[in-house]
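Source file: model_23.txt (compact mmCIF, N, CA and C atoms)
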# COMPACT_ATOMS: atom_id res chain seq x y z
N MET U 1 -24.45 -43.12 25.23
CA MET U 1 -23.72 -41.90 25.45
C MET U 1 -24.19 -40.85 24.45
N LYS U 2 -24.47 -39.69 24.94
CA LYS U 2 -24.99 -38.61 24.11
C LYS U 2 -23.83 -37.92 23.36
N PRO U 3 -23.98 -37.71 22.04
CA PRO U 3 -22.91 -37.04 21.29
C PRO U 3 -22.82 -35.55 21.67
N ARG U 4 -21.59 -35.05 21.68
CA ARG U 4 -21.38 -33.62 22.01
C ARG U 4 -21.65 -32.77 20.78
N THR U 5 -22.41 -31.75 20.96
CA THR U 5 -22.66 -30.81 19.87
C THR U 5 -22.28 -29.41 20.32
N PHE U 6 -21.85 -28.63 19.39
CA PHE U 6 -21.46 -27.25 19.69
C PHE U 6 -22.45 -26.31 18.99
N SER U 7 -23.67 -26.34 19.44
CA SER U 7 -24.70 -25.52 18.81
C SER U 7 -24.46 -24.03 19.05
N ALA U 8 -23.81 -23.68 20.14
CA ALA U 8 -23.55 -22.27 20.41
C ALA U 8 -22.58 -21.68 19.39
N ILE U 9 -21.56 -22.45 19.00
CA ILE U 9 -20.62 -21.98 18.00
C ILE U 9 -21.29 -21.94 16.63
N GLY U 10 -22.14 -22.88 16.34
CA GLY U 10 -22.84 -22.92 15.06
C GLY U 10 -23.74 -21.72 14.86
N GLY U 11 -24.27 -21.18 15.93
CA GLY U 11 -25.10 -19.99 15.82
C GLY U 11 -24.31 -18.74 15.46
N TRP U 12 -23.04 -18.72 15.82
CA TRP U 12 -22.18 -17.56 15.53
C TRP U 12 -21.49 -17.68 14.18
N GLN U 13 -21.62 -18.80 13.52
CA GLN U 13 -20.87 -19.04 12.29
C GLN U 13 -21.24 -18.05 11.19
N SER U 14 -22.50 -17.79 11.01
CA SER U 14 -22.90 -16.85 9.95
C SER U 14 -22.46 -15.43 10.26
N LEU U 15 -22.50 -15.05 11.52
CA LEU U 15 -22.04 -13.71 11.90
C LEU U 15 -20.54 -13.57 11.67
N MET U 16 -19.77 -14.59 12.07
CA MET U 16 -18.32 -14.55 11.86
C MET U 16 -17.97 -14.52 10.37
N PHE U 17 -18.73 -15.24 9.56
CA PHE U 17 -18.50 -15.22 8.12
C PHE U 17 -18.74 -13.83 7.55
N CYS U 18 -19.83 -13.19 7.94
CA CYS U 18 -20.14 -11.84 7.44
C CYS U 18 -19.09 -10.83 7.89
N VAL U 19 -18.63 -10.93 9.12
CA VAL U 19 -17.59 -10.02 9.61
C VAL U 19 -16.28 -10.26 8.86
N GLY U 20 -15.95 -11.50 8.60
CA GLY U 20 -14.73 -11.81 7.83
C GLY U 20 -14.79 -11.27 6.42
N ILE U 21 -15.93 -11.48 5.76
CA ILE U 21 -16.09 -10.95 4.41
C ILE U 21 -16.04 -9.43 4.41
N TYR U 22 -16.59 -8.80 5.44
CA TYR U 22 -16.56 -7.34 5.55
C TYR U 22 -15.11 -6.84 5.62
N PHE U 23 -14.29 -7.48 6.43
CA PHE U 23 -12.91 -7.03 6.56
C PHE U 23 -12.10 -7.30 5.29
N VAL U 24 -12.37 -8.38 4.61
CA VAL U 24 -11.69 -8.65 3.34
C VAL U 24 -12.08 -7.60 2.31
N ALA U 25 -13.36 -7.28 2.23
CA ALA U 25 -13.83 -6.26 1.28
C ALA U 25 -13.27 -4.88 1.65
N LEU U 26 -13.19 -4.58 2.94
CA LEU U 26 -12.61 -3.31 3.38
C LEU U 26 -11.15 -3.21 2.98
N PHE U 27 -10.40 -4.28 3.17
CA PHE U 27 -8.98 -4.28 2.80
C PHE U 27 -8.80 -4.04 1.31
N PHE U 28 -9.56 -4.78 0.49
CA PHE U 28 -9.41 -4.62 -0.95
C PHE U 28 -9.91 -3.26 -1.43
N SER U 29 -10.94 -2.71 -0.82
CA SER U 29 -11.42 -1.40 -1.24
C SER U 29 -10.40 -0.32 -0.91
N ILE U 30 -9.74 -0.41 0.23
CA ILE U 30 -8.69 0.56 0.56
C ILE U 30 -7.53 0.42 -0.42
N PHE U 31 -7.15 -0.80 -0.76
CA PHE U 31 -6.06 -1.02 -1.71
C PHE U 31 -6.42 -0.46 -3.08
N ILE U 32 -7.63 -0.72 -3.56
CA ILE U 32 -8.03 -0.27 -4.89
C ILE U 32 -8.17 1.25 -4.93
N CYS U 33 -8.79 1.83 -3.89
CA CYS U 33 -8.96 3.28 -3.87
C CYS U 33 -7.62 4.01 -3.78
N SER U 34 -6.69 3.50 -3.00
CA SER U 34 -5.39 4.14 -2.92
C SER U 34 -4.63 4.01 -4.24
N SER U 35 -4.78 2.90 -4.92
CA SER U 35 -4.13 2.73 -6.23
C SER U 35 -4.68 3.72 -7.24
N VAL U 36 -6.00 3.88 -7.26
CA VAL U 36 -6.61 4.85 -8.17
C VAL U 36 -6.20 6.27 -7.80
N PHE U 37 -6.14 6.58 -6.52
CA PHE U 37 -5.75 7.92 -6.07
C PHE U 37 -4.33 8.25 -6.52
N TYR U 38 -3.39 7.32 -6.32
CA TYR U 38 -2.01 7.59 -6.71
C TYR U 38 -1.84 7.62 -8.22
N ALA U 39 -2.68 6.91 -8.95
CA ALA U 39 -2.61 6.95 -10.41
C ALA U 39 -3.12 8.28 -10.95
N VAL U 40 -4.17 8.82 -10.33
CA VAL U 40 -4.74 10.08 -10.79
C VAL U 40 -3.90 11.26 -10.34
N ASN U 41 -3.42 11.24 -9.11
CA ASN U 41 -2.65 12.35 -8.56
C ASN U 41 -1.17 12.06 -8.62
N ALA U 42 -0.65 11.95 -9.83
CA ALA U 42 0.78 11.74 -10.00
C ALA U 42 1.51 13.03 -9.68
N ASN U 43 2.80 12.91 -9.46
CA ASN U 43 3.61 14.09 -9.15
C ASN U 43 3.71 14.96 -10.39
N THR U 44 2.93 16.04 -10.44
CA THR U 44 2.84 16.87 -11.65
C THR U 44 4.02 17.82 -11.77
N GLY U 45 4.69 18.16 -10.69
CA GLY U 45 5.81 19.10 -10.75
C GLY U 45 6.97 18.56 -11.55
N ASN U 46 7.36 17.34 -11.33
CA ASN U 46 8.49 16.75 -12.04
C ASN U 46 8.10 16.18 -13.38
N SER U 47 6.87 15.74 -13.53
CA SER U 47 6.48 15.07 -14.76
C SER U 47 6.39 16.04 -15.93
N LYS U 48 6.06 17.31 -15.69
CA LYS U 48 5.96 18.27 -16.79
C LYS U 48 7.33 18.55 -17.38
N THR U 49 8.34 18.71 -16.55
CA THR U 49 9.67 18.98 -17.07
C THR U 49 10.24 17.75 -17.77
N ASN U 50 9.96 16.57 -17.25
CA ASN U 50 10.44 15.35 -17.90
C ASN U 50 9.70 15.10 -19.20
N THR U 51 8.44 15.45 -19.26
CA THR U 51 7.66 15.24 -20.48
C THR U 51 8.17 16.12 -21.61
N VAL U 52 8.52 17.35 -21.30
CA VAL U 52 9.02 18.26 -22.33
C VAL U 52 10.34 17.75 -22.87
N ALA U 53 11.22 17.30 -21.99
CA ALA U 53 12.52 16.80 -22.44
C ALA U 53 12.36 15.53 -23.26
N LYS U 54 11.48 14.64 -22.86
CA LYS U 54 11.30 13.39 -23.58
C LYS U 54 10.53 13.59 -24.87
N THR U 55 9.63 14.56 -24.91
CA THR U 55 8.84 14.80 -26.11
C THR U 55 9.72 15.28 -27.24
N ASN U 56 10.69 16.13 -26.93
CA ASN U 56 11.57 16.63 -27.98
C ASN U 56 12.39 15.51 -28.59
N SER U 57 12.84 14.56 -27.79
CA SER U 57 13.63 13.46 -28.33
C SER U 57 12.76 12.47 -29.11
N VAL U 58 11.50 12.37 -28.76
CA VAL U 58 10.61 11.43 -29.43
C VAL U 58 10.22 11.96 -30.81
N LYS U 59 10.10 13.26 -30.97
CA LYS U 59 9.68 13.82 -32.26
C LYS U 59 10.70 13.54 -33.36
N GLU U 60 11.96 13.35 -33.00
CA GLU U 60 12.97 13.08 -34.00
C GLU U 60 12.83 11.67 -34.58
N ASP U 61 12.36 10.73 -33.79
CA ASP U 61 12.22 9.34 -34.24
C ASP U 61 10.80 9.12 -34.74
N LYS U 62 10.65 8.68 -35.96
CA LYS U 62 9.32 8.53 -36.55
C LYS U 62 8.70 7.16 -36.29
N HIS U 63 9.44 6.20 -35.72
CA HIS U 63 8.94 4.84 -35.56
C HIS U 63 8.48 4.52 -34.14
N VAL U 64 8.24 5.52 -33.34
CA VAL U 64 7.80 5.29 -31.96
C VAL U 64 6.29 5.14 -31.95
N LEU U 65 5.80 4.05 -31.36
CA LEU U 65 4.36 3.81 -31.28
C LEU U 65 3.75 4.38 -30.00
N ALA U 66 4.49 4.32 -28.90
CA ALA U 66 3.96 4.82 -27.63
C ALA U 66 5.11 5.29 -26.77
N VAL U 67 4.81 6.29 -25.95
CA VAL U 67 5.80 6.82 -25.02
C VAL U 67 5.18 6.81 -23.63
N VAL U 68 5.86 6.22 -22.68
CA VAL U 68 5.40 6.19 -21.31
C VAL U 68 6.28 7.14 -20.51
N THR U 69 5.67 8.22 -20.02
CA THR U 69 6.43 9.19 -19.22
C THR U 69 6.02 9.05 -17.78
N ARG U 70 6.96 9.28 -16.91
CA ARG U 70 6.66 9.16 -15.50
C ARG U 70 7.06 10.41 -14.79
Structure encoded using structure tokens:
Amino acid sequence: MKPRTFSAIGGWQSLMFCVGIYFVALFFSIFICSSVFYAVNANTGNSKTNTVAKTNSVKEDKHVLAVVTR
């Protein structure tokens, strides 16, 4: 009895792998680029007024190492 082989599927395996890797890379690149975009383009209208208010309170305390404003 002759063993069954699926040579037709084996020929498509490398193509399917490349397409899968392409979509995974596309997903991660969109995620990374959107994260960088939102980090660079923060809401500047509200952050300036909040920064001024927080900066005045920070100047009074001499033991502050870092201030994170949002």
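Rounded to one decimal, atom N of U:Asn43 and atom C of U:Val67 lie 15.6 Å from each other.
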Take atom CA of U:Phe27 and atom C of U:Leu15 and report the distance between them in Å, one decimal.
->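 Atom C of U:Leu15 lies 17.3 Å from atom CA of U:Phe27.
Atom N of U:Tyr38 is positioned 27.9 Å from atom C of U:Cys18.
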